[in-house]
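Listing of entry.tsv, TSV, C-alpha atoms
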```
chain	number	residue	atom	x	y	z
A	1	MET	CA	35.69	-101.99	108.78
A	2	LYS	CA	32.79	-104.39	109.36
A	3	LEU	CA	29.83	-103.24	111.44
A	4	LEU	CA	26.90	-105.22	112.82
A	5	VAL	CA	23.78	-103.18	113.70
A	6	VAL	CA	21.41	-104.94	116.12
A	7	ASP	CA	18.08	-103.27	116.91
A	8	THR	CA	14.40	-104.20	116.96
A	9	ASP	CA	13.57	-100.94	115.15
A	10	ARG	CA	13.76	-102.09	111.53
A	11	ASP	CA	13.34	-98.61	110.05
A	12	LEU	CA	16.25	-97.31	112.11
A	13	VAL	CA	18.43	-100.28	111.15
A	14	GLU	CA	17.72	-99.83	107.44
A	15	MET	CA	18.43	-96.10	107.61
A	16	LEU	CA	21.72	-96.63	109.45
A	17	MET	CA	22.77	-99.41	107.08
A	18	GLY	CA	22.24	-97.29	103.97
A	19	TRP	CA	23.99	-94.29	105.46
A	20	LEU	CA	26.98	-96.18	106.86
A	21	LYS	CA	27.48	-98.01	103.58
A	22	THR	CA	27.79	-94.70	101.75
A	23	LEU	CA	30.68	-93.94	104.10
A	24	GLY	CA	32.46	-97.10	102.98
A	25	TYR	CA	31.63	-99.39	105.91
A	26	GLU	CA	30.68	-103.03	105.41
A	27	VAL	CA	27.42	-103.27	107.34
A	28	TYR	CA	25.29	-106.22	108.50
A	29	ARG	CA	22.03	-106.25	110.45
A	30	ALA	CA	19.99	-108.24	112.94
A	31	TYR	CA	16.61	-107.53	114.52
A	32	ASN	CA	16.87	-109.98	117.44
A	33	GLY	CA	19.43	-111.73	119.60
A	34	GLU	CA	19.41	-115.09	117.84
A	35	ARG	CA	20.01	-113.50	114.46
A	36	ALA	CA	22.70	-111.30	115.99
A	37	LYS	CA	24.56	-114.40	117.19
A	38	LEU	CA	24.43	-115.95	113.72
A	39	GLU	CA	25.62	-112.76	112.02
A	40	TRP	CA	28.36	-112.24	114.62
A	41	GLU	CA	29.56	-115.82	114.18
A	42	GLU	CA	29.51	-115.72	110.38
A	43	LYS	CA	30.62	-112.13	109.60
A	44	GLN	CA	32.95	-111.57	112.59
A	45	PRO	CA	32.38	-107.79	112.74
A	46	ASP	CA	34.92	-105.30	114.07
A	47	LEU	CA	32.22	-103.27	115.84
A	48	VAL	CA	28.72	-104.15	117.05
A	49	ILE	CA	26.15	-101.36	117.47
A	50	LEU	CA	23.60	-102.83	119.86
A	51	ASP	CA	20.25	-101.80	121.34
A	52	THR	CA	20.00	-103.59	124.69
A	53	ALA	CA	16.18	-103.77	124.47
A	54	LEU	CA	16.11	-107.20	122.81
A	55	LYS	CA	13.15	-109.34	123.83
A	56	ASP	CA	14.55	-112.80	123.12
A	57	VAL	CA	17.90	-112.61	124.94
A	58	ASP	CA	19.84	-110.75	127.61
A	59	ALA	CA	21.71	-108.51	125.17
A	60	LEU	CA	24.78	-107.86	127.33
A	61	ALA	CA	25.10	-111.51	128.33
A	62	MET	CA	24.87	-112.45	124.66
A	63	CYS	CA	27.65	-110.00	123.85
A	64	ARG	CA	29.92	-111.40	126.56
A	65	GLU	CA	29.33	-114.88	125.17
A	66	MET	CA	30.07	-113.83	121.60
A	67	GLN	CA	33.10	-111.71	122.51
A	68	SER	CA	34.69	-114.81	124.03
A	69	LYS	CA	34.45	-116.45	120.58
A	70	HIS	CA	34.89	-113.53	118.17
A	71	ASP	CA	36.00	-110.35	119.89
A	72	ALA	CA	34.49	-107.09	118.67
A	73	LEU	CA	34.12	-103.56	119.95
A	74	LEU	CA	30.69	-102.82	121.41
A	75	LEU	CA	28.71	-99.58	121.16
A	76	VAL	CA	25.46	-99.70	123.11
A	77	VAL	CA	22.52	-97.53	122.02
A	78	THR	CA	19.50	-97.44	124.27
A	79	ASP	CA	16.38	-95.54	125.33
A	80	GLY	CA	17.55	-95.75	128.95
A	81	LYS	CA	17.66	-92.39	130.73
A	82	ASP	CA	19.10	-93.58	134.04
A	83	VAL	CA	22.80	-92.95	134.64
A	84	GLN	CA	22.99	-96.35	136.32
A	85	ASP	CA	21.95	-97.96	133.04
A	86	GLU	CA	25.01	-96.42	131.39
A	87	VAL	CA	27.22	-97.58	134.24
A	88	ARG	CA	25.80	-101.10	134.02
A	89	CYS	CA	26.48	-101.32	130.28
A	90	LEU	CA	30.03	-99.98	130.54
A	91	GLU	CA	30.85	-102.27	133.45
A	92	ALA	CA	29.44	-105.20	131.47
A	93	GLY	CA	32.00	-104.62	128.72
A	94	ALA	CA	30.56	-101.98	126.39
A	95	ASP	CA	33.20	-99.70	124.86
A	96	ASP	CA	30.85	-96.75	124.58
A	97	TYR	CA	27.24	-95.76	125.21
A	98	LEU	CA	24.81	-93.59	123.23
A	99	ARG	CA	21.30	-92.60	124.24
A	100	LYS	CA	18.40	-92.48	121.78
A	101	PRO	CA	17.37	-90.41	119.98
A	102	PHE	CA	20.69	-89.43	118.44
A	103	PHE	CA	21.90	-87.64	115.34
A	104	PRO	CA	23.84	-89.67	112.75
A	105	SER	CA	26.84	-87.40	113.33
A	106	GLN	CA	26.85	-88.41	117.00
A	107	LEU	CA	26.92	-92.09	116.07
A	108	LEU	CA	29.74	-91.52	113.59
A	109	ALA	CA	31.72	-89.61	116.21
A	110	ARG	CA	31.35	-92.56	118.60
A	111	ILE	CA	32.51	-94.99	115.90
A	112	HIS	CA	35.56	-92.83	115.21
A	113	ALA	CA	36.33	-92.46	118.92
A	114	ILE	CA	36.15	-96.20	119.52
A	115	SER	CA	38.32	-96.80	116.48
A	116	ARG	CA	40.99	-94.43	117.78
A	117	ARG	CA	41.03	-96.13	121.16
A	118	GLY	CA	40.67	-99.42	119.43
A	119	ARG	CA	41.86	-102.87	119.95
A	120	SER	CA	44.18	-104.78	117.67
A	121	THR	CA	41.27	-105.87	115.48
A	122	LEU	CA	40.72	-102.26	114.46
A	123	VAL	CA	44.30	-101.12	113.92
A	124	GLN	CA	44.82	-103.90	111.41
A	125	ARG	CA	43.85	-102.92	107.87
A	126	PRO	CA	40.72	-104.87	106.86
A	127	SER	CA	40.59	-106.68	103.56
A	128	SER	CA	40.39	-104.19	100.71
A	129	ILE	CA	38.90	-106.70	98.26
A	130	ILE	CA	35.16	-106.91	97.64
A	131	THR	CA	33.79	-109.64	95.39
A	132	VAL	CA	30.59	-109.25	93.38
A	133	GLY	CA	30.11	-112.27	91.11
A	134	PRO	CA	33.15	-112.43	88.79
A	135	ILE	CA	34.20	-108.87	89.76
A	136	HIS	CA	36.91	-108.38	92.41
A	137	VAL	CA	37.40	-104.78	93.52
A	138	ASP	CA	40.73	-104.05	95.26
A	139	SER	CA	40.38	-100.52	96.61
A	140	LEU	CA	43.79	-100.63	98.32
A	141	HIS	CA	45.65	-101.09	95.03
A	142	ASN	CA	43.06	-99.33	92.81
A	143	GLU	CA	42.47	-102.41	90.69
A	144	VAL	CA	39.53	-104.42	89.40
A	145	SER	CA	39.78	-108.03	88.32
A	146	ILE	CA	37.22	-109.88	86.20
A	147	ASP	CA	37.75	-113.60	85.60
A	148	GLY	CA	41.42	-113.15	86.48
A	149	LYS	CA	42.07	-110.16	84.21
A	150	LYS	CA	43.30	-107.14	86.19
A	151	THR	CA	42.72	-103.53	85.19
A	152	ARG	CA	44.06	-100.41	86.87
A	153	LEU	CA	41.60	-97.79	88.15
A	154	THR	CA	42.04	-94.15	89.00
A	155	PRO	CA	41.51	-93.34	92.71
A	156	THR	CA	38.10	-91.80	91.92
A	157	GLU	CA	37.05	-94.79	89.81
A	158	SER	CA	38.19	-97.09	92.61
A	159	LYS	CA	36.13	-95.23	95.22
A	160	LEU	CA	33.09	-95.24	92.95
A	161	LEU	CA	33.33	-98.93	92.11
A	162	HIS	CA	33.93	-99.76	95.78
A	163	LEU	CA	30.74	-97.92	96.72
A	164	LEU	CA	28.75	-99.72	94.04
A	165	ALA	CA	30.23	-103.09	95.08
A	166	VAL	CA	29.42	-102.58	98.78
A	167	ASN	CA	25.84	-101.80	97.73
A	168	ALA	CA	25.62	-104.49	95.02
A	169	ASN	CA	22.05	-104.97	93.72
A	170	ASN	CA	20.98	-101.75	95.46
A	171	VAL	CA	20.69	-98.32	93.85
A	172	CYS	CA	23.23	-95.61	94.73
A	173	THR	CA	21.80	-92.16	94.08
A	174	ALA	CA	23.81	-89.34	92.54
A	175	ASN	CA	23.82	-87.50	95.89
A	176	GLN	CA	25.14	-90.57	97.70
A	177	ILE	CA	27.92	-90.96	95.14
A	178	VAL	CA	28.92	-87.29	95.36
A	179	SER	CA	28.93	-87.46	99.17
A	180	HIS	CA	31.05	-90.63	99.20
A	181	ILE	CA	33.65	-89.43	96.69
A	182	TRP	CA	33.86	-85.69	97.35
A	183	GLY	CA	32.52	-85.48	100.90
A	184	PHE	CA	29.32	-84.28	102.54
A	185	GLY	CA	28.33	-80.77	101.60
A	186	ASN	CA	30.39	-80.85	98.42
A	187	ASP	CA	28.85	-78.93	95.55
A	188	GLY	CA	30.48	-81.08	92.88
A	189	ASP	CA	28.65	-81.34	89.56
A	190	THR	CA	26.80	-84.67	89.48
A	191	SER	CA	27.37	-84.76	85.72
A	192	LEU	CA	30.93	-85.77	86.58
A	193	ILE	CA	29.50	-89.06	87.79
A	194	LYS	CA	28.38	-89.92	84.26
A	195	ALA	CA	31.95	-89.53	83.00
A	196	HIS	CA	33.35	-91.80	85.72
A	197	ILE	CA	30.61	-94.37	85.13
A	198	ARG	CA	31.47	-94.33	81.43
A	199	HIS	CA	35.16	-94.87	82.18
A	200	LEU	CA	34.37	-97.76	84.53
A	201	ARG	CA	32.16	-99.38	81.91
A	202	GLN	CA	34.98	-99.12	79.39
A	203	LYS	CA	37.12	-101.13	81.79
A	204	ILE	CA	34.68	-103.83	82.92
A	205	GLU	CA	31.78	-104.14	80.48
A	206	PRO	CA	31.99	-106.80	77.73
A	207	ASP	CA	29.75	-104.65	75.49
A	208	LEU	CA	29.53	-100.90	76.09
A	209	SER	CA	26.34	-100.64	74.05
A	210	LYS	CA	24.58	-103.06	76.42
A	211	PRO	CA	25.79	-102.52	80.01
A	212	TYR	CA	25.71	-105.79	81.92
A	213	TYR	CA	27.31	-105.02	85.29
A	214	ILE	CA	26.83	-101.29	85.94
A	215	LEU	CA	23.26	-100.31	85.19
A	216	THR	CA	21.65	-96.88	85.11
A	217	VAL	CA	18.33	-96.67	86.93
A	218	PRO	CA	16.70	-93.67	85.19
A	219	GLY	CA	15.79	-90.87	87.54
A	220	VAL	CA	17.38	-92.65	90.52
A	221	GLY	CA	21.06	-93.54	90.14
A	222	TYR	CA	23.34	-96.49	89.40
A	223	THR	CA	23.70	-100.06	90.58
A	224	LEU	CA	26.26	-102.84	90.25
A	225	ILE	CA	24.49	-106.12	89.55
A	226	ARG	CA	25.51	-109.37	91.24
A	227	HIS	CA	24.62	-111.78	88.44
A	228	PRO	CA	23.46	-115.29	89.38
A	229	ALA	CA	25.00	-118.42	87.90
A	230	GLN	CA	22.12	-118.72	85.43
A	231	GLU	CA	22.75	-115.27	84.03
A	232	GLU	CA	20.27	-115.45	81.15
A	233	LYS	CA	17.22	-115.73	83.39
A	234	TYR	CA	16.53	-112.02	83.27
A	235	THR	CA	17.45	-108.96	81.22
A	236	SER	CA	18.95	-105.63	82.20
A	237	LYS	CA	15.56	-104.03	81.50
A	238	ASP	CA	13.94	-106.36	84.06
A	239	VAL	CA	16.53	-105.44	86.70
A	240	ILE	CA	16.18	-101.69	86.11
A	241	HIS	CA	12.38	-101.89	86.36
A	242	SER	CA	12.60	-103.81	89.64
A	243	LEU	CA	15.23	-101.55	91.23
A	244	ARG	CA	13.40	-98.39	90.20
A	245	ALA	CA	10.23	-99.69	91.82
A	246	ILE	CA	12.10	-100.43	95.07
A	247	ALA	CA	13.88	-97.07	95.13
A	248	MET	CA	10.77	-94.98	94.61
```
As structure tokens, how would this structure be written, given the file I've shared?
Amino acid sequence: MKLLVVDTDRDLVEMLMGWLKTLGYEVYRAYNGERAKLEWEEKQPDLVILDTALKDVDALAMCREMQSKHDALLLVVTDGKDVQDEVRCLEAGADDYLRKPFFPSQLLARIHAISRRGRSTLVQRPSSIITVGPIHVDSLHNEVSIDGKKTRLTPTESKLLHLLAVNANNVCTANQIVSHIWGFGNDGDTSLIKAHIRHLRQKIEPDLSKPYYILTVPGVGYTLIRHPAQEEKYTSKDVIHSLRAIAM
């Protein structure tokens, strides 16, 4: 399921993006109306999470315009305290309404509720294939394909590789991985992750002694690298140093 988060609060957007991605959602962001239009047009999200307090556009009018081109469910989040504000948003076409501040669990409950009510765009199964450079992860069929060569994955390996692919070039911590695979509050031993990472590397790495795709970021977690066309421009050591600096 593809989500577009639109809010002028950059810290909130980044927090929601990281959290929703760990739950398996494909998430995009925009900090203003013009960028939201571009992302909506290009990514065609299933659900838009929108703060109506955009300074450059009338947010609800923008949504009506975009829904006429690429329909999507709309969840409005706002600082508004007036009941009439909620009525106005719902009458303007919003599928649900959530007041700030809210807990992440409240947002997730709204997403689930909208999905259950959903329109045809949500009952259809979204594409299960995620592409990261030459790697194609098919989480529906538990397969990975590299340069046309397919390899079967276990369900756990598939979930792990899917998580890494969704967050390509970003670090996934051990806690995020455990939460994604075994569920929030699970007390699973994070050492199990090392075994699954090793199995994945056996299936996708050209040289196990020098991991090229799945890198370990010491003290932080793991990342799947989206290699550029000119793949010799940097080394794995350079990437790890950069990612570790960002994650800290």
- Task: Could you check which of A:Ala61, A:Val6, A:Ile135, A:Leu50 is closest to Arg35 (chain A), using only C-alpha atoms?
- Result: A:Val6
- Message: When you look at Val13 (chain A) with a cut-off of 10 Å (counting all atoms listed in the file), what residues show up, excluding the ones that are within fewer than 4 positions of it in the same chain? I need them as number ranges by chain.
- Response: A: 4-9, 17-19, 28-31
- Å distance separating CA of Lys69 (chain A) from CA of Trp40 (chain A), one decimal place: 9.5 Å
- Query: For Met15 (chain A), which of A:Gly219, A:Gln84, A:Ser145, A:Phe103 is the closest residue, counting only C-alpha atoms?
  - Reply: A:Phe103
- Message: Taking 2 positions as the minimum chain separation for residues in the same chain, which residues sit within 9 Å of Ala168 (chain A) when counting all atoms listed in the file? Answer as a PyMOL selection string.
- Response: chain A and resi 132+163-166+170-171+223-226
- Nearest-residue call for Lys194 (chain A), choices A:Asp82, A:Leu208, A:Asn167, A:Tyr222, using only C-alpha atoms: A:Tyr222
- Using CA of Ile129 (chain A) and CA of Lys149 (chain A) as the two end points, give the distance in Å to one decimal.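 Interatomic distance here is 14.8 Å.
Proximity to Lys43 (chain A) was assessed for A:Arg10, A:Pro211, A:Arg201, A:Val27 counting all atoms listed in the file; the smallest distance is recorded for A:Val27.
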- Message: If I take CA of Leu98 (chain A) and CA of Asp79 (chain A), how far is one from the other in Å, to one decimal?
- Response: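 According to the coordinates, CA of Leu98 (chain A) and CA of Asp79 (chain A) are separated by 8.9 Å.
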- Message: Restricting the calculation to only C-alpha atoms: of A:Val87, A:Leu47, A:Leu20, A:Val57, which residue gets closest to Asn32 (chain A)?
- Response: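 Result for the nearest residue to Asn32 (chain A): A:Val57.
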- What residues have an atom no more than 12 Å from (33.3, -92.0, 122.3) in the file's own frame, counting all atoms listed in the file, and can you write them as a ChimeraX atom specification? /A:73-76,90,94-98,105-118
Need the axis-aligned box for region 106-111 of chain A with 8 Å each side, so what are the centre and edges in Å to one decimal, as lines of an AutoDock Vina configuration file?
```
center_x = 29.7
center_y = -91.7
center_z = 116.1
size_x = 21.7
size_y = 22.6
size_z = 21.0
```
Mind completing region 140-165 of chain A with N, CA and C atoms? Output as a compact mmCIF listing (two decimals), in the frame of the given file, please?
```
# COMPACT_ATOMS: atom_id res chain seq x y z
N LEU A 140 42.47 -100.99 97.79
CA LEU A 140 43.79 -100.63 98.32
C LEU A 140 44.77 -100.37 97.18
N HIS A 141 44.72 -101.21 96.15
CA HIS A 141 45.65 -101.09 95.03
C HIS A 141 45.02 -100.45 93.80
N ASN A 142 43.76 -99.97 93.94
CA ASN A 142 43.06 -99.33 92.81
C ASN A 142 43.05 -100.23 91.58
N GLU A 143 42.55 -101.44 91.78
CA GLU A 143 42.47 -102.41 90.69
C GLU A 143 41.10 -103.09 90.69
N VAL A 144 40.70 -103.56 89.51
CA VAL A 144 39.53 -104.42 89.40
C VAL A 144 39.94 -105.63 88.59
N SER A 145 39.46 -106.79 89.02
CA SER A 145 39.78 -108.03 88.32
C SER A 145 38.49 -108.73 87.95
N ILE A 146 38.38 -109.14 86.69
CA ILE A 146 37.22 -109.88 86.20
C ILE A 146 37.71 -111.15 85.54
N ASP A 147 37.31 -112.29 86.11
CA ASP A 147 37.75 -113.60 85.60
C ASP A 147 39.27 -113.66 85.47
N GLY A 148 39.96 -113.08 86.46
CA GLY A 148 41.42 -113.15 86.48
C GLY A 148 42.15 -112.06 85.73
N LYS A 149 41.44 -111.23 84.96
CA LYS A 149 42.07 -110.16 84.21
C LYS A 149 42.02 -108.87 85.02
N LYS A 150 43.22 -108.34 85.37
CA LYS A 150 43.30 -107.14 86.19
C LYS A 150 43.36 -105.88 85.34
N THR A 151 42.71 -104.83 85.85
CA THR A 151 42.72 -103.53 85.19
C THR A 151 42.93 -102.45 86.24
N ARG A 152 43.80 -101.51 85.96
CA ARG A 152 44.06 -100.41 86.87
C ARG A 152 42.90 -99.41 86.85
N LEU A 153 42.63 -98.82 88.01
CA LEU A 153 41.60 -97.79 88.15
C LEU A 153 42.23 -96.51 88.68
N THR A 154 41.63 -95.39 88.36
CA THR A 154 42.04 -94.15 89.00
C THR A 154 41.50 -94.17 90.43
N PRO A 155 42.04 -93.36 91.35
CA PRO A 155 41.51 -93.34 92.71
C PRO A 155 40.01 -93.04 92.78
N THR A 156 39.53 -92.12 91.92
CA THR A 156 38.10 -91.80 91.92
C THR A 156 37.28 -92.97 91.40
N GLU A 157 37.75 -93.61 90.33
CA GLU A 157 37.05 -94.79 89.81
C GLU A 157 37.02 -95.89 90.85
N SER A 158 38.12 -96.05 91.58
CA SER A 158 38.19 -97.09 92.61
C SER A 158 37.19 -96.83 93.72
N LYS A 159 37.09 -95.57 94.17
CA LYS A 159 36.13 -95.23 95.22
C LYS A 159 34.70 -95.45 94.75
N LEU A 160 34.44 -95.08 93.50
CA LEU A 160 33.09 -95.24 92.95
C LEU A 160 32.73 -96.72 92.82
N LEU A 161 33.63 -97.51 92.29
CA LEU A 161 33.33 -98.93 92.11
C LEU A 161 33.23 -99.63 93.46
N HIS A 162 34.03 -99.21 94.43
CA HIS A 162 33.93 -99.76 95.78
C HIS A 162 32.55 -99.49 96.37
N LEU A 163 32.07 -98.27 96.21
CA LEU A 163 30.74 -97.92 96.72
C LEU A 163 29.67 -98.77 96.07
N LEU A 164 29.73 -98.91 94.75
CA LEU A 164 28.75 -99.72 94.04
C LEU A 164 28.83 -101.18 94.47
N ALA A 165 30.05 -101.69 94.69
CA ALA A 165 30.23 -103.09 95.08
C ALA A 165 29.68 -103.36 96.48
```
